[in-house]
Amino acid sequence: MKLPVILASASPRRVELLKQVGIDAEIRPSAIKEDLSDDLPVTESVQRLALKKTRAAANIVSDGLIIGADTVVVSDQGILGKPRDISHAREMLRALSGKIHRVITGIAILEQPGGKSITGFEETKVVFKALSDDEIIAYVNSGEPFDKAGGYGIQGKGALLVDRIEGDYFNVVGLPLQKLNQMLGSWNINLLRL
Ligand SMILES: Cc1cn([C@H]2C[C@H](O)[C@@H](COP(=O)(O)OP(=O)(O)OP(=O)(O)O)O2)c(=O)[nH]c1=O
């Protein structure tokens, strides 16, 4: 790819997923506050946050394609971000146990110079198996929940919490690769041909 790619994210998962499809991105995480506005549909909020992350990176990047993303879990109890502490993590997993939830990732791509930008989102449905209190405590004790939306990581031991999914697996991990490739089409880029 001619243009350098900058990832406006501190998520090690996103770095790895980009590598998987041939993008060796520079990492420029943004320290923005991740407030989701209540008066917008969640699909809008995650796109806005993703764009905010790319704009923050654009202040220090003069040349290239900047990619940002934001992932949330939406259960029947509302939007779940990352757990604050152990009891919050347990509470989240109890809320997800035995039920279906949605994982939504907003993506933004911003080009520098010029600031042309587009946003999009992807949604995956995830069904959790019914979890006992013991299982929830054991999983939280693994430490895995803490930097992850909804308090689990499907790519780790969290795989054992999941009964089935419908949609893009990579979206659950934090970066929907198919959607990203489709959006890169706006720059005539197809990652399959890189
Ligand atoms: C549901 C789920 C989420 N996650 C992660 C993906 C995201 O990294 C994280 C959600 O937080 P985000 O705020 O989307 O991302 P981040 O804080 O890790 O990184 P940055 O803001 O710098 O871009 O949860 C998993 O790794 N596995 C999962 O199964």
# chains A, B, ... in the order shown; residues from 1 in each chain; ligands from 1
$ residues_near_ligand --ligand "ligand 1" --cutoff "8 Å" --atoms "only C-alpha atoms and all ligand atoms" --output "ChimeraX atom specification"
/A:8-14,29-32,34,50,53,68-73,81-82,103,105,147-156,158,172-175
$ residues_around --residues "Arg84 in chain A" --least-positions-apart "3" --cutoff "8 Å" --atoms "only C-alpha atoms" --output "VMD selection string"
chain A and resid 88 to 89 146
$ write_last_selection --atoms "C-alpha atoms" --output "JSON list (two decimals), in the first residue's frame"
[["chain", "number", "residue", "atom", "x", "y", "z"],
["A", 88, "HIS", "CA", -18.54, -4.82, 37.89],
["A", 89, "ALA", "CA", -17.02, -7.60, 35.75],
["A", 146, "PHE", "CA", -10.61, -5.96, 32.42]]
$ closest_residue --among "A:Thr124, A:Asn190, A:Thr43, A:Asn141" --to "Glu166 in chain A" --atoms "only C-alpha atoms"
A:Thr124
$ residues_around --residues "Glu44 in chain A" --least-positions-apart "6" --cutoff "9 Å" --atoms "only C-alpha atoms" --output "ChimeraX atom specification"
/A:106,120-121
$ select_by_dssp --residues "range 137-189 of chain A" --states "helix (DSSP H, G or I)" --output "MDAnalysis selection string"
chainID A and resid 137:141 144:147 149:151 157:161 169:173 177:187
$ closest_residue --among "A:Ile23, A:Leu160, A:Ala138, A:Leu7" --to "Ile189 in chain A" --atoms "only C-alpha atoms"
A:Ile23
$ closest_residue --among "A:Glu16, A:Gly115, A:Val21, A:Lys99" --to "Ala56 in chain A" --atoms "only C-alpha atoms"
A:Gly115
$ atom_distance --atom1 "CA of Leu17 in chain A" --atom2 "CA of Glu123 in chain A"
17.2 Å
$ atom_distance --atom1 "CA of Pro4 in chain A" --atom2 "CA of Gly64 in chain A"
4.7 Å
$ select_by_dssp --residues "range 1-58 of chain A" --states "strand (DSSP E)" --output "list in words"
Val5, Ile6, Leu7, Glu26 and Ile27 of chain A
$ write_last_selection --atoms "C-alpha atoms" --output "CSV table (one decimal), in the first residue's frame"
chain,number,residue,atom,x,y,z
A,5,VAL,CA,-1.5,3.3,7.7
A,6,ILE,CA,-1.9,4.7,11.2
A,7,LEU,CA,-3.9,2.9,13.9
A,26,GLU,CA,2.0,2.7,13.0
A,27,ILE,CA,0.4,3.0,16.4
$ closest_residue --among "A:Val162, A:Ile60, A:Ile107, A:Ala95" --to "Phe128 in chain A" --atoms "only C-alpha atoms"
A:Val162
$ closest_residue --among "A:Gly22, A:Pro83, A:Gly98, A:Gly114" --to "Val126 in chain A" --atoms "only C-alpha atoms"
A:Gly98
$ atom_distance --atom1 "CA of Arg28 in chain A" --atom2 "CA of Lys52 in chain A"
13.0 Å
